[in-house]
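Source file: coords21.cif; contents: mmCIF, C-alpha atoms.
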```
data_work
#
loop_
_atom_site.label_atom_id
_atom_site.label_comp_id
_atom_site.auth_asym_id
_atom_site.auth_seq_id
_atom_site.Cartn_x
_atom_site.Cartn_y
_atom_site.Cartn_z
CA MET A 1 6.83 -18.53 -10.08
CA SER A 2 6.72 -17.42 -13.69
CA LYS A 3 7.30 -13.79 -14.58
CA THR A 4 3.68 -13.52 -15.74
CA TRP A 5 2.29 -14.66 -12.40
CA GLU A 6 4.83 -12.52 -10.56
CA HIS A 7 3.41 -9.47 -12.34
CA TYR A 8 -0.15 -10.56 -11.55
CA HIS A 9 0.83 -10.98 -7.90
CA HIS A 10 2.44 -7.52 -7.71
CA ALA A 11 -0.55 -5.98 -9.48
CA ALA A 12 -2.93 -7.53 -6.97
CA ARG A 13 -0.88 -6.21 -4.04
CA HIS A 14 -0.82 -2.70 -5.51
CA HIS A 15 -4.58 -2.82 -6.17
CA GLU A 16 -5.11 -3.78 -2.52
CA ARG A 17 -2.86 -0.97 -1.31
CA ALA A 18 -4.60 1.53 -3.59
CA ALA A 19 -8.00 0.49 -2.26
CA TYR A 20 -6.77 0.87 1.31
CA HIS A 21 -5.46 4.39 0.66
CA TYR A 22 -8.60 5.43 -1.24
CA ASN A 23 -10.67 4.33 1.79
CA GLU A 24 -8.37 6.21 4.17
CA ALA A 25 -8.61 9.29 1.94
CA MET A 26 -12.39 9.08 2.07
CA LYS A 27 -12.39 8.78 5.88
CA SER A 28 -10.03 11.73 6.20
CA ALA A 29 -12.09 13.82 3.80
CA LYS A 30 -15.25 13.11 5.81
CA ALA A 31 -13.40 14.22 8.95
CA GLU A 32 -12.34 17.36 7.05
CA GLU A 33 -8.67 16.42 7.42
CA ASN A 34 -7.87 17.65 3.94
CA GLU A 35 -4.09 17.36 4.08
CA LYS A 36 -4.29 13.77 5.29
CA ALA A 37 -6.94 13.00 2.68
CA ALA A 38 -4.75 14.43 -0.07
CA HIS A 39 -1.79 12.39 1.13
CA HIS A 40 -3.77 9.14 1.03
CA ALA A 41 -5.23 10.01 -2.36
CA TYR A 42 -1.71 10.63 -3.66
CA LEU A 43 -0.49 7.28 -2.31
CA ALA A 44 -3.55 5.51 -3.76
CA HIS A 45 -2.85 7.05 -7.16
CA GLY A 46 0.75 5.83 -7.07
CA HIS A 47 -0.28 2.29 -6.16
CA ASN A 48 -2.90 2.37 -8.87
CA GLN A 49 -0.27 3.40 -11.43
CA GLN A 50 2.04 0.59 -10.29
CA ALA A 51 -0.83 -1.91 -10.47
CA ASN A 52 -1.62 -0.81 -14.01
CA HIS A 53 2.03 -1.22 -14.99
CA HIS A 54 2.13 -4.79 -13.63
CA ASP A 55 -1.23 -5.60 -15.26
CA ILE A 56 0.13 -4.46 -18.63
CA GLU A 57 3.41 -6.36 -18.26
CA ALA A 58 1.56 -9.53 -17.23
CA ALA A 59 -0.78 -9.20 -20.22
CA LYS A 60 2.17 -8.76 -22.60
CA LEU A 61 3.93 -11.85 -21.22
CA HIS A 62 0.69 -13.82 -21.31
CA ALA A 63 0.10 -12.85 -24.95
CA GLU A 64 3.68 -13.75 -25.90
CA HIS A 65 3.29 -17.13 -24.25
CA SER A 66 -0.04 -17.75 -26.00
CA ASP A 67 1.46 -16.74 -29.36
CA SER A 68 4.38 -19.12 -28.91
CA LEU A 69 1.99 -21.96 -28.01
CA ALA A 70 -0.16 -21.22 -31.07
CA LYS A 71 2.91 -21.06 -33.30
CA SER A 72 4.28 -24.38 -32.05
CA ALA A 73 0.85 -25.99 -32.48
CA SER A 74 0.55 -24.73 -36.05
CA GLU A 75 4.08 -25.94 -36.82
CA LYS A 76 3.18 -29.41 -35.49
CA GLY A 77 0.03 -29.36 -37.60
CA ALA A 78 2.01 -28.39 -40.70
CA LYS A 79 4.51 -31.22 -40.11
CA ASN A 80 1.71 -33.73 -39.64
CA SER A 81 -0.13 -32.66 -42.79
CA THR A 82 2.99 -33.01 -44.98
CA ALA A 83 3.84 -36.48 -43.69
CA PRO A 84 2.84 -39.33 -46.11
#
```
Before anything else, please render the file you have as structure tokens.
Amino acid sequence: MSKTWEHYHHAARHHERAAYHYNEAMKSAKAEENEKAAHHAYLAHGHNQQANHHDIEAAKLHAEHSDSLAKSASEKGAKNSTAP
């Protein structure tokens, strides 16, 4: 698996975990279990931060890969246009 897709995979897992903890926090808040709700909200926030980190890293790697493909394509085009 490429590093880019590895980051996308980790981001997806953290998004799922964040959603789970946000839902648990909501259930606990409705049951007026404030300490438990705060704990789940804290965990959800952490997973959300980790997901954002992996999203950003994946986007950087994706952009670098796209730039290298564009550069190699333009170099091929330049070579072809200078050939007799």
Residue contacts of Asn48 of chain A (12 Å, all atoms listed in the file) excluding same-chain residues fewer than 2 positions away, as a ChimeraX atom specification: /A:10-22,41-46,50-55
Segment 59-72 of chain A environment, 10 Å, all atoms listed in the file, sequence neighbours closer than 6 positions dropped, as a PyMOL selection string: chain A and resi 2-5+7-8+53+78
Tell me which of A:His40, A:Glu57, A:His47, A:Met1 sits closest to Ala25 of chain A, counting only C-alpha atoms. A:His40
Kindly give the distance, in Å, that separates atom CA of Glu24 of chain A and atom CA of Ala37 of chain A, rounded to a single decimal.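 Separation of atom CA of Glu24 of chain A and atom CA of Ala37 of chain A: 7.1 Å.
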Atom-to-atom span, atom CA of His39 of chain A and atom CA of His9 of chain A, Å: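 Those two atoms sit 25.2 Å apart.
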